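Below: model-v8.tsv (TSV, C-alpha atoms and all ligand atoms)
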```tsv
chain	number	residue	atom	x	y	z
A	1	MET	CA	181.26	244.80	-14.09
A	2	ASN	CA	184.59	244.84	-15.86
A	3	GLU	CA	186.13	247.75	-13.96
A	4	SER	CA	184.93	249.63	-10.92
A	5	ASN	CA	184.90	253.38	-11.21
A	6	CYS	CA	185.02	255.23	-7.88
A	7	PRO	CA	186.55	258.64	-8.62
A	8	ASP	CA	186.40	259.90	-5.02
A	9	LEU	CA	188.46	256.98	-3.78
A	10	THR	CA	192.13	256.44	-4.58
A	11	LEU	CA	192.75	253.42	-6.76
A	12	ILE	CA	195.97	251.79	-5.56
A	13	ALA	CA	196.08	248.87	-7.94
A	14	ARG	CA	194.09	247.02	-10.54
A	15	GLY	CA	195.05	243.34	-10.46
A	16	LYS	CA	193.90	240.76	-12.95
A	17	VAL	CA	190.62	240.49	-11.08
A	18	ARG	CA	190.56	242.91	-8.16
A	19	ASP	CA	190.48	246.70	-7.93
A	20	ILE	CA	192.12	247.90	-4.73
A	21	TYR	CA	191.37	251.30	-3.20
A	22	SER	CA	192.61	253.12	-0.16
A	23	ILE	CA	190.03	254.33	2.37
A	24	PRO	CA	190.21	257.99	3.38
A	25	GLY	CA	191.48	258.34	6.95
A	26	GLU	CA	192.05	254.60	7.39
A	27	ASP	CA	195.59	253.95	6.26
A	28	ASP	CA	195.77	250.48	7.74
A	29	LYS	CA	192.87	249.21	5.63
A	30	LEU	CA	192.11	248.56	1.98
A	31	LEU	CA	188.93	248.30	-0.04
A	32	PHE	CA	189.19	245.08	-2.01
A	33	VAL	CA	186.77	244.90	-4.95
A	34	ALA	CA	186.34	241.74	-7.03
A	35	SER	CA	185.40	242.65	-10.60
A	36	ASP	CA	183.85	240.24	-13.09
A	37	ARG	CA	187.05	240.16	-15.14
A	38	LEU	CA	188.28	236.78	-16.27
A	39	SER	CA	191.86	235.90	-17.00
A	40	ALA	CA	192.96	232.74	-18.79
A	41	PHE	CA	196.53	231.78	-19.60
A	42	ASP	CA	197.46	234.94	-17.64
A	43	VAL	CA	195.68	237.25	-20.11
A	44	ILE	CA	192.54	239.25	-19.26
A	45	LEU	CA	189.65	238.66	-21.67
A	46	GLU	CA	187.42	241.39	-23.05
A	47	ASN	CA	184.23	239.94	-21.60
A	48	ALA	CA	183.14	240.11	-18.01
A	49	ILE	CA	181.53	237.00	-16.50
A	50	PRO	CA	178.30	238.27	-14.85
A	51	SER	CA	178.21	237.68	-11.06
A	52	LYS	CA	181.73	236.26	-10.98
A	53	GLY	CA	183.06	238.94	-8.59
A	54	LYS	CA	180.14	238.41	-6.21
A	55	LEU	CA	180.49	234.64	-6.34
A	56	LEU	CA	184.23	234.86	-5.65
A	57	THR	CA	183.71	237.29	-2.78
A	58	SER	CA	180.99	235.18	-1.16
A	59	LEU	CA	183.09	232.04	-1.55
A	60	SER	CA	186.13	233.70	0.06
A	61	LEU	CA	183.94	234.89	2.94
A	62	PHE	CA	182.69	231.33	3.46
A	63	TRP	CA	186.24	229.96	3.59
A	64	PHE	CA	187.61	232.77	5.79
A	65	SER	CA	185.00	231.91	8.34
A	66	LYS	CA	185.45	228.15	8.04
A	67	LEU	CA	189.25	228.32	8.35
A	68	ALA	CA	189.47	231.03	11.02
A	69	SER	CA	190.49	228.54	13.70
A	70	ILE	CA	193.65	227.71	11.72
A	71	ILE	CA	194.96	231.24	11.13
A	72	PRO	CA	193.68	234.83	11.43
A	73	ASN	CA	192.91	236.54	8.12
A	74	HIS	CA	192.76	240.02	6.62
A	75	LEU	CA	188.98	240.36	6.58
A	76	ILE	CA	187.44	243.21	8.58
A	77	LEU	CA	184.07	243.67	6.81
A	78	PRO	CA	181.62	242.15	6.13
A	79	SER	CA	181.67	240.32	9.45
A	80	PRO	CA	179.17	238.02	11.17
A	81	THR	CA	177.96	240.91	13.33
A	82	GLN	CA	178.06	243.49	10.51
A	83	PRO	CA	177.14	241.52	7.38
A	84	ASN	CA	175.61	244.40	5.42
A	85	PHE	CA	177.09	247.01	3.13
A	86	ASP	CA	175.68	249.72	5.44
A	87	ALA	CA	178.53	248.93	7.85
A	88	PHE	CA	181.15	249.93	5.26
A	89	PRO	CA	182.85	253.33	5.68
A	90	GLU	CA	180.78	256.30	4.61
A	91	SER	CA	183.26	257.23	1.88
A	92	VAL	CA	182.44	254.04	-0.02
A	93	GLN	CA	178.66	254.09	0.59
A	94	LYS	CA	178.03	256.31	-2.43
A	95	TYR	CA	179.33	253.53	-4.69
A	96	LYS	CA	176.94	250.95	-3.26
A	97	ASP	CA	175.52	250.08	-6.70
A	98	GLN	CA	178.93	249.04	-7.93
A	99	LEU	CA	180.46	247.63	-4.78
A	100	GLU	CA	177.81	245.82	-2.77
A	101	GLY	CA	178.37	242.06	-2.59
A	102	ARG	CA	181.74	242.18	-4.28
A	103	SER	CA	183.75	244.16	-1.73
A	104	MET	CA	185.65	243.57	1.46
A	105	ILE	CA	187.41	245.91	3.83
A	106	VAL	CA	190.70	244.22	4.64
A	107	ARG	CA	193.71	244.82	6.81
A	108	LYS	CA	196.54	246.22	4.72
A	109	CYS	CA	199.70	244.25	5.23
A	110	GLU	CA	203.12	243.46	3.88
A	111	VAL	CA	202.47	240.82	1.22
A	112	ILE	CA	204.77	237.79	1.32
A	113	LYS	CA	206.14	237.43	-2.19
A	114	VAL	CA	205.36	233.73	-2.42
A	115	GLU	CA	202.34	231.92	-3.80
A	116	ALA	CA	201.76	229.20	-1.23
A	117	ILE	CA	200.54	226.44	-3.53
A	118	VAL	CA	199.45	223.11	-2.07
A	119	ARG	CA	198.94	220.14	-4.37
A	120	GLY	CA	197.00	217.04	-3.37
A	121	TYR	CA	196.95	215.68	-6.92
A	122	ILE	CA	199.47	215.81	-9.74
A	123	THR	CA	198.26	218.01	-12.58
A	124	GLY	CA	199.04	221.21	-14.49
A	125	SER	CA	202.60	222.50	-14.27
A	126	GLY	CA	203.35	219.88	-11.58
A	127	TRP	CA	202.47	217.07	-13.99
A	128	ASN	CA	204.52	218.67	-16.79
A	129	GLU	CA	207.59	218.80	-14.57
A	130	TYR	CA	207.09	215.25	-13.27
A	131	LYS	CA	206.88	213.85	-16.81
A	132	LYS	CA	210.27	215.40	-17.59
A	133	SER	CA	212.19	214.84	-14.38
A	134	GLY	CA	210.18	212.78	-11.90
A	135	THR	CA	210.03	215.82	-9.61
A	136	VAL	CA	207.50	218.51	-8.72
A	137	HIS	CA	209.06	221.88	-7.82
A	138	GLY	CA	212.30	219.93	-7.48
A	139	ILE	CA	210.78	217.51	-4.96
A	140	GLN	CA	211.46	213.88	-5.90
A	141	LEU	CA	208.28	211.81	-6.23
A	142	PRO	CA	207.71	208.05	-6.54
A	143	GLU	CA	207.91	206.63	-10.06
A	144	GLY	CA	204.85	205.57	-12.03
A	145	LEU	CA	202.36	208.28	-11.07
A	146	VAL	CA	199.71	208.97	-13.71
A	147	GLU	CA	198.24	212.36	-14.58
A	148	SER	CA	195.72	213.63	-11.98
A	149	GLN	CA	196.68	210.88	-9.50
A	150	LYS	CA	196.32	211.62	-5.81
A	151	LEU	CA	199.73	212.27	-4.27
A	152	PRO	CA	200.86	210.11	-1.35
A	153	GLU	CA	200.66	213.30	0.77
A	154	PRO	CA	199.65	216.87	-0.05
A	155	LEU	CA	202.76	218.82	-1.06
A	156	PHE	CA	203.71	222.41	-0.34
A	157	THR	CA	204.93	223.58	-3.76
A	158	PRO	CA	205.45	227.35	-3.72
A	159	SER	CA	206.04	229.70	-6.60
A	160	THR	CA	207.36	233.22	-6.82
A	161	LYS	CA	204.76	235.98	-6.95
A	162	ALA	CA	205.69	237.69	-10.17
A	163	ASP	CA	205.20	241.39	-10.79
A	164	GLN	CA	202.45	242.34	-13.20
A	165	GLY	CA	203.02	240.98	-16.69
A	166	ASP	CA	205.55	238.37	-15.57
A	167	HIS	CA	204.81	234.70	-14.99
A	168	ASP	CA	205.15	233.03	-11.60
A	169	GLU	CA	208.00	230.59	-11.33
A	170	ASN	CA	207.74	227.28	-9.49
A	171	ILE	CA	210.32	227.00	-6.70
A	172	HIS	CA	211.47	224.39	-4.20
A	173	PRO	CA	210.22	224.97	-0.63
A	174	SER	CA	213.82	225.56	0.49
A	175	LYS	CA	213.81	228.74	-1.60
A	176	VAL	CA	211.16	230.21	0.71
A	177	ALA	CA	213.52	229.62	3.64
A	178	GLU	CA	216.26	231.44	1.73
A	179	MET	CA	213.90	234.37	1.15
A	180	TYR	CA	212.24	234.62	4.56
A	181	GLY	CA	214.30	232.47	6.94
A	182	PRO	CA	213.50	228.96	8.15
A	183	GLN	CA	211.08	229.94	10.89
A	184	LEU	CA	208.69	232.00	8.78
A	185	ALA	CA	209.05	229.60	5.83
A	186	GLY	CA	208.22	226.66	8.08
A	187	GLU	CA	205.19	228.46	9.44
A	188	ILE	CA	203.93	229.28	5.92
A	189	GLU	CA	204.28	225.63	4.91
A	190	ARG	CA	202.64	224.30	8.07
A	191	VAL	CA	199.68	226.67	7.80
A	192	ALA	CA	199.23	226.19	4.03
A	193	LEU	CA	199.09	222.41	4.48
A	194	ALA	CA	196.67	222.69	7.41
A	195	LEU	CA	194.40	224.98	5.37
A	196	TYR	CA	194.52	222.64	2.38
A	197	ASN	CA	193.73	219.58	4.49
A	198	ALA	CA	190.73	221.23	6.14
A	199	ALA	CA	189.43	222.56	2.82
A	200	ALA	CA	189.98	219.26	0.99
A	201	ALA	CA	187.99	217.42	3.66
A	202	HIS	CA	185.09	219.84	3.25
A	203	ALA	CA	185.30	219.56	-0.55
A	204	THR	CA	185.06	215.76	-0.33
A	205	SER	CA	181.98	216.07	1.86
A	206	VAL	CA	180.21	217.98	-0.94
A	207	GLY	CA	181.31	215.69	-3.76
A	208	LEU	CA	184.29	217.72	-4.94
A	209	ILE	CA	188.01	217.11	-5.11
A	210	LEU	CA	190.28	220.02	-4.21
A	211	ALA	CA	193.14	219.05	-6.51
A	212	ASP	CA	195.30	222.04	-5.63
A	213	THR	CA	195.08	225.61	-4.45
A	214	LYS	CA	197.10	228.74	-3.85
A	215	PHE	CA	197.14	230.80	-0.67
A	216	GLU	CA	198.69	234.18	-0.08
A	217	PHE	CA	199.97	235.38	3.25
A	218	GLY	CA	200.83	238.73	4.70
A	219	LEU	CA	202.58	240.07	7.76
A	220	LEU	CA	201.19	242.45	10.33
A	221	PRO	CA	203.76	244.30	12.41
A	222	ALA	CA	202.21	243.59	15.80
A	223	PRO	CA	200.49	240.55	17.28
A	224	PRO	CA	196.79	240.61	16.40
A	225	SER	CA	194.53	242.47	18.75
A	226	PRO	CA	191.56	240.46	20.03
A	227	ALA	CA	189.48	241.99	17.21
A	228	THR	CA	191.85	240.58	14.59
A	229	THR	CA	191.56	237.07	15.92
A	230	PRO	CA	188.24	235.78	14.67
A	231	SER	CA	188.12	232.95	17.16
A	232	SER	CA	189.65	233.04	20.61
A	233	ASP	CA	191.17	229.60	20.13
A	234	ALA	CA	192.81	230.59	16.82
A	235	PRO	CA	196.53	230.09	17.24
A	236	SER	CA	198.50	233.24	16.57
A	237	SER	CA	201.27	232.72	14.03
A	238	ALA	CA	203.70	235.20	15.54
A	239	THR	CA	207.16	235.12	13.99
A	240	PRO	CA	210.17	237.43	14.33
A	241	HIS	CA	208.95	239.14	11.14
A	242	GLY	CA	205.50	239.90	12.48
A	243	THR	CA	202.23	238.02	12.64
A	244	LEU	CA	201.34	235.83	9.71
A	245	ILE	CA	197.80	236.26	8.38
A	246	LEU	CA	195.88	234.79	5.46
A	247	ILE	CA	195.14	237.38	2.77
A	248	ASP	CA	193.80	237.77	-0.76
A	249	GLU	CA	191.01	235.49	-2.04
A	250	VAL	CA	190.71	232.01	-0.61
A	251	LEU	CA	189.81	228.71	-2.26
A	252	THR	CA	187.90	230.19	-5.18
A	253	PRO	CA	187.82	228.50	-8.59
A	254	ASP	CA	190.30	231.20	-9.72
A	255	SER	CA	192.89	230.17	-7.15
A	256	SER	CA	192.09	226.45	-6.99
A	257	ARG	CA	191.36	223.41	-9.08
A	258	TYR	CA	188.10	221.81	-8.04
A	259	TRP	CA	187.09	218.58	-9.75
A	260	SER	CA	183.84	216.67	-9.57
A	261	LEU	CA	184.36	213.53	-7.47
A	262	ASP	CA	181.90	211.50	-9.55
A	263	LYS	CA	183.68	212.35	-12.83
A	264	TYR	CA	187.22	211.76	-11.54
A	265	VAL	CA	189.26	209.34	-13.67
A	266	PRO	CA	193.02	209.40	-13.05
A	267	GLY	CA	195.27	208.86	-16.06
A	268	GLY	CA	194.44	212.07	-17.95
A	269	PRO	CA	193.38	215.68	-17.46
A	270	GLN	CA	190.16	216.39	-15.49
A	271	GLU	CA	187.53	218.98	-16.26
A	272	SER	CA	188.26	222.05	-14.18
A	273	PHE	CA	185.45	223.81	-12.38
A	274	ASP	CA	185.96	227.23	-13.78
A	275	LYS	CA	187.62	228.14	-17.02
A	276	GLN	CA	187.39	224.82	-18.81
A	277	PHE	CA	185.09	226.20	-21.51
A	278	VAL	CA	187.24	229.29	-21.90
A	279	ARG	CA	190.51	227.40	-22.17
A	280	ASP	CA	189.01	224.86	-24.58
A	281	TRP	CA	187.60	227.62	-26.79
A	282	LEU	CA	190.82	229.67	-26.77
A	283	ILE	CA	192.89	226.63	-27.74
A	284	ALA	CA	190.42	225.57	-30.45
A	285	GLU	CA	190.45	229.11	-31.90
A	286	GLY	CA	194.25	229.39	-31.67
A	287	LYS	CA	193.89	232.39	-29.31
A	288	LYS	CA	195.75	231.04	-26.28
A	289	ALA	CA	197.50	233.89	-24.39
A	290	VAL	CA	196.49	236.49	-27.01
A	291	GLY	CA	195.28	239.92	-25.82
A	292	GLY	CA	191.95	241.59	-26.67
A	293	VAL	CA	189.95	238.39	-27.15
A	294	LYS	CA	186.15	238.48	-26.91
A	295	LEU	CA	184.42	235.23	-25.99
A	296	PRO	CA	181.14	234.13	-27.57
A	297	GLU	CA	178.07	234.60	-25.35
A	298	GLU	CA	177.62	230.84	-25.00
A	299	VAL	CA	181.10	230.43	-23.49
A	300	VAL	CA	180.42	233.33	-21.09
A	301	GLU	CA	177.13	231.79	-19.94
A	302	LYS	CA	178.56	228.33	-19.43
A	303	THR	CA	181.50	229.78	-17.51
A	304	GLU	CA	179.22	231.73	-15.20
A	305	GLY	CA	177.29	228.50	-14.64
A	306	ARG	CA	180.46	226.71	-13.55
A	307	TYR	CA	181.41	229.46	-11.07
A	308	ARG	CA	177.87	229.44	-9.69
A	309	GLU	CA	177.76	225.66	-9.37
A	310	CYS	CA	181.09	225.63	-7.55
A	311	TYR	CA	179.86	228.31	-5.14
A	312	GLU	CA	176.58	226.49	-4.50
A	313	ARG	CA	178.20	223.11	-3.97
A	314	VAL	CA	180.91	224.39	-1.64
A	315	THR	CA	178.68	226.62	0.50
A	316	GLY	CA	175.33	224.84	0.18
A	317	ALA	CA	173.84	228.33	-0.38
A	318	LYS	CA	172.45	230.16	-3.39
A	319	LEU	CA	173.47	233.63	-4.46
A	320	ALA	CA	170.68	235.93	-5.62
A	401	LIG	N1	195.58	242.35	2.88
A	401	LIG	C1	196.27	242.71	1.80
A	401	LIG	N2	197.15	243.76	1.87
A	401	LIG	C2	197.86	244.14	0.76
A	401	LIG	N3	197.76	243.55	-0.44
A	401	LIG	C3	196.93	242.49	-0.57
A	401	LIG	C4	196.14	242.02	0.54
A	401	LIG	N4	195.42	240.95	0.13
A	401	LIG	C5	195.73	240.76	-1.18
A	401	LIG	N5	196.63	241.67	-1.61
A	401	LIG	C6	197.14	241.79	-2.98
A	401	LIG	O1	196.11	242.35	-3.79
A	401	LIG	C7	196.12	241.80	-5.10
A	401	LIG	C8	194.76	241.19	-5.42
A	401	LIG	O2	194.32	241.49	-6.71
A	401	LIG	P1	194.32	240.41	-7.89
A	401	LIG	O3	193.42	240.94	-8.94
A	401	LIG	O4	194.04	239.05	-7.33
A	401	LIG	O5	195.84	240.55	-8.32
A	401	LIG	P2	196.78	239.55	-9.16
A	401	LIG	O6	196.64	239.96	-10.59
A	401	LIG	O7	198.15	239.88	-8.59
A	401	LIG	O8	196.34	238.15	-8.85
A	401	LIG	C9	197.23	240.75	-5.12
A	401	LIG	O9	198.39	241.30	-5.68
A	401	LIG	C10	197.45	240.46	-3.63
A	401	LIG	O10	198.76	240.02	-3.36
A	402	MG	MG	194.99	237.20	-7.60
```
Let me see the structure of the file written as structure tokens.
Amino acid sequence: MNESNCPDLTLIARGKVRDIYSIPGEDDKLLFVASDRLSAFDVILENAIPSKGKLLTSLSLFWFSKLASIIPNHLILPSPTQPNFDAFPESVQKYKDQLEGRSMIVRKCEVIKVEAIVRGYITGSGWNEYKKSGTVHGIQLPEGLVESQKLPEPLFTPSTKADQGDHDENIHPSKVAEMYGPQLAGEIERVALALYNAAAAHATSVGLILADTKFEFGLLPAPPSPATTPSSDAPSSATPHGTLILIDEVLTPDSSRYWSLDKYVPGGPQESFDKQFVRDWLIAEGKKAVGGVKLPEEVVEKTEGRYRECYERVTGAKLA
């Protein structure tokens, strides 16, 4: 499904991947629908990748549950006690064919305009910067690192969250403190690192490396009610700005670089677990960051296979 079409619901936004609707009579919630759209080099491709939206949704649900003891999150439904689409509001039930398996009801919140990136390995834009200046997001690193090398410690390396059409810009962590004050900035960094460390440990246990990932956070005005806190021992991240919660998608191949542990060879780029075939094909065809591109069926199939393999390895489950 490339685009959802739910005319009786109000579409608030269409992101690169997600369609976001309001829910009649429930102003504090959003319907969050993961389409099968694929973006590469920040451009959306013509093809949909079958099952991608369902795989991403199921993977986010897995991680929300696994990480709930670190920080509360925006997920309301599906929940462990109400796992089925039947529990969704009546107004969305009529779109079951489109929405089932790829939708979440989430708590609407004020989005923090920072992409909370954590890097455990030096690659991508971090590696490009290091080659030029020996720094990553302005943070000085030891000399002599090679591409894809494990960093001495995972680094919090935020970027701005650009408006649609613009590119995110890597920033130094101190910039977050300038934007949101030291207390909230410190909390974002602490939580992002804790989430990365927990996720990276799980990834290792299933033969994957979590090279880096991006989290998004939001603020709720009031401290979470007991229903918001998935686990009673989950620490509440209350700050003067409100309560910090984890939002968006979590630890999917779209927001993270997963590598296969058994294929890992530092000193060069690694195969990524998602869009490797797409990026390779776009570069080979000279269509990098060009609009309106249609991928060959073979590239679509292989890409779906990568998303599915990532989902199955991380969760140990299979998606119908
Ligand atoms: N709980 C939430 N409340 C409000 N906005 C949210 C929430 N969770 C995620 N978002 C926003 O919804 C959008 C998700 O759609 P997506 O297709 O991923 O967009 P993008 O193209 O910006 O990555 C993001 O802009 C994200 O910041
Ligand atoms: Mg996104």
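In this model, the gap between atom CA of Glu178 of chain A and atom CA of Pro158 of chain A comes to 12.8 Å.
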Output as a Markdown table one row per residue of chain A within 10 Å of ligand LIG 401 (chain A): the closest atom pair and its distance in Å to one decimal place, counting all atoms listed in the file, sorted by chain and residue number ascending.
```
| residue | atom | partner | partner_atom | distance |
| --- | --- | --- | --- | --- |
| A:Ile12 | CA | A:LIG401 | O1 | 9.6 |
| A:Ala13 | CA | A:LIG401 | C7 | 7.6 |
| A:Arg14 | CA | A:LIG401 | O3 | 6.3 |
| A:Gly15 | CA | A:LIG401 | O3 | 3.3 |
| A:Lys16 | CA | A:LIG401 | O6 | 3.7 |
| A:Val17 | CA | A:LIG401 | O3 | 3.6 |
| A:Arg18 | CA | A:LIG401 | O3 | 3.6 |
| A:Asp19 | CA | A:LIG401 | O3 | 6.5 |
| A:Ile20 | CA | A:LIG401 | O1 | 6.9 |
| A:Asp28 | CA | A:LIG401 | N2 | 9.0 |
| A:Lys29 | CA | A:LIG401 | N1 | 7.9 |
| A:Leu30 | CA | A:LIG401 | N2 | 7.0 |
| A:Leu31 | CA | A:LIG401 | N1 | 9.4 |
| A:Phe32 | CA | A:LIG401 | C8 | 7.6 |
| A:Val33 | CA | A:LIG401 | O2 | 8.5 |
| A:Ala34 | CA | A:LIG401 | O3 | 7.4 |
| A:Ser35 | CA | A:LIG401 | O3 | 8.4 |
| A:Arg37 | CA | A:LIG401 | O3 | 8.9 |
| A:Leu38 | CA | A:LIG401 | O3 | 9.9 |
| A:Ser39 | CA | A:LIG401 | O6 | 9.0 |
| A:Asp42 | CA | A:LIG401 | O6 | 8.7 |
| A:Val43 | CA | A:LIG401 | O6 | 9.9 |
| A:Ile44 | CA | A:LIG401 | O6 | 9.6 |
| A:Asn73 | CA | A:LIG401 | N1 | 8.3 |
| A:His74 | CA | A:LIG401 | N1 | 5.2 |
| A:Leu75 | CA | A:LIG401 | N1 | 7.8 |
| A:Ile76 | CA | A:LIG401 | N1 | 10.0 |
| A:Ile105 | CA | A:LIG401 | N1 | 9.0 |
| A:Val106 | CA | A:LIG401 | N1 | 5.5 |
| A:Arg107 | CA | A:LIG401 | N1 | 5.0 |
| A:Lys108 | CA | A:LIG401 | N2 | 3.8 |
| A:Cys109 | CA | A:LIG401 | N2 | 4.2 |
| A:Glu110 | CA | A:LIG401 | C2 | 6.2 |
| A:Val111 | CA | A:LIG401 | N3 | 5.7 |
| A:Ile112 | CA | A:LIG401 | O10 | 7.9 |
| A:Lys113 | CA | A:LIG401 | O10 | 7.9 |
| A:Val114 | CA | A:LIG401 | O10 | 9.2 |
| A:Glu115 | CA | A:LIG401 | O10 | 8.9 |
| A:Lys161 | CA | A:LIG401 | O7 | 7.8 |
| A:Ala162 | CA | A:LIG401 | O7 | 8.0 |
| A:Asp163 | CA | A:LIG401 | O7 | 7.5 |
| A:Gln164 | CA | A:LIG401 | O7 | 6.8 |
| A:Gly165 | CA | A:LIG401 | O6 | 8.9 |
| A:Phe215 | CA | A:LIG401 | O10 | 9.7 |
| A:Glu216 | CA | A:LIG401 | O10 | 6.7 |
| A:Phe217 | CA | A:LIG401 | N4 | 7.8 |
| A:Gly218 | CA | A:LIG401 | N1 | 6.6 |
| A:Leu219 | CA | A:LIG401 | N2 | 8.8 |
| A:Leu220 | CA | A:LIG401 | N1 | 9.3 |
| A:Ile245 | CA | A:LIG401 | N1 | 8.5 |
| A:Leu246 | CA | A:LIG401 | N1 | 8.0 |
| A:Ile247 | CA | A:LIG401 | N4 | 4.4 |
| A:Asp248 | CA | A:LIG401 | C5 | 3.6 |
| A:Glu249 | CA | A:LIG401 | O4 | 7.1 |
| A:Asp254 | CA | A:LIG401 | O4 | 9.0 |
| A:Ser255 | CA | A:LIG401 | O8 | 8.9 |
```
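Using all atoms listed in the file, the smallest distance between any of A:Lys175, A:Lys150, A:Arg313, A:His137 and Pro266 of chain A comes from A:Lys150.
Excluding Leu9 of chain A and any residue on its chain fewer than 4 positions from it, the residues at most 7 Å away by all atoms listed in the file are Tyr21, Ser22 and Ile23 of chain A.
Residue nearest Thr315 of chain A, chosen from A:Leu59, A:Gly138, A:Glu90, A:Pro221 and counting only C-alpha atoms: A:Leu59.
Atom to atom, atom CA of Gly268 of chain A and atom CA of Ser133 of chain A stand 18.3 Å apart.
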Distance table requested - segment 251-320 of chain A against segment 120-127 of chain A, cut-off 12 Å, all atoms listed in the file: one row per qualifying residue with the closest atom pair and its distance in Å to one decimal, ordered by chain and rising residue number, as a tab-separated table.
```
residue	atom	partner	partner_atom	distance
A:Ser256	CA	A:Gly120	CA	11.2
A:Arg257	CA	A:Thr123	CA	9.4
A:Tyr258	CA	A:Tyr121	CA	10.8
A:Trp259	CA	A:Tyr121	CA	10.7
A:Tyr264	CA	A:Tyr121	CA	11.5
A:Pro266	CA	A:Tyr121	CA	9.6
A:Gly267	CA	A:Thr123	CA	10.2
A:Gly268	CA	A:Thr123	CA	8.9
A:Pro269	CA	A:Thr123	CA	7.3
A:Gln270	CA	A:Thr123	CA	8.8
A:Glu271	CA	A:Thr123	CA	11.4
A:Ser272	CA	A:Gly124	CA	10.8
```
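For the choices A:Lys214, A:Lys275, A:Lys302, A:Arg308, the atom-to-atom distance to ligand MG 402 (chain A) is smallest for A:Lys214 when using only C-alpha atoms and all ligand atoms.
Within 10 Å of Thr303 of chain A, once all atoms listed in the file are used and residues closer than 3 positions along the same chain are dropped, the contacting residues are Leu38, Ile49, Pro50, Lys52, Phe273, Asp274, Lys275, Gln276, Phe277, Val278, Glu297, Glu298, Val299, Val300, Arg306, Tyr307, Arg308 and Glu309 of chain A.
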Give me the segment 86-192 of chain A side of the contact with segment 61-71 of chain A, cut-off 10 Å, one line per residue showing its nearest atom pair and distance in Å at one decimal, counting all atoms listed in the file, sorted by chain and residue number, as JSON lines.
```
{"residue": "A:Met104", "atom": "CA", "partner": "A:Leu61", "partner_atom": "CA", "distance": 9.0}
{"residue": "A:Val191", "atom": "CA", "partner": "A:Ile70", "partner_atom": "CA", "distance": 7.3}
{"residue": "A:Ala192", "atom": "CA", "partner": "A:Ile70", "partner_atom": "CA", "distance": 9.6}
```
Report summary line: Separating atom CA of Pro253 of chain A from atom CA of Gly291 of chain A, to the nearest tenth of an Å, is a gap of 22.0 Å
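Of the residues listed (A:Trp281, A:Asn84, A:Val314, A:Val250), A:Val250 shows the shortest atom-to-atom separation from ligand MG 402 (chain A); distances use all atoms listed in the file.
Summary of the local environment: counting only C-alpha atoms, residues at most 9 Å from Leu55 of chain A, other than itself and those fewer than 5 positions away along its chain, are Ser60, Gly101, Arg102, Thr252, Tyr307, Arg308, Tyr311 and Leu319 of chain A.
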How about saving the chosen residues, C-alpha atoms kept, as a short mmCIF file (atom, residue, chain, number, x, y, z; two decimals), in the frame of the given file?
```
data_model
loop_
_atom_site.label_atom_id
_atom_site.label_comp_id
_atom_site.auth_asym_id
_atom_site.auth_seq_id
_atom_site.Cartn_x
_atom_site.Cartn_y
_atom_site.Cartn_z
CA SER A 60 186.13 233.70 0.06
CA GLY A 101 178.37 242.06 -2.59
CA ARG A 102 181.74 242.18 -4.28
CA THR A 252 187.90 230.19 -5.18
CA TYR A 307 181.41 229.46 -11.07
CA ARG A 308 177.87 229.44 -9.69
CA TYR A 311 179.86 228.31 -5.14
CA LEU A 319 173.47 233.63 -4.46
#
```
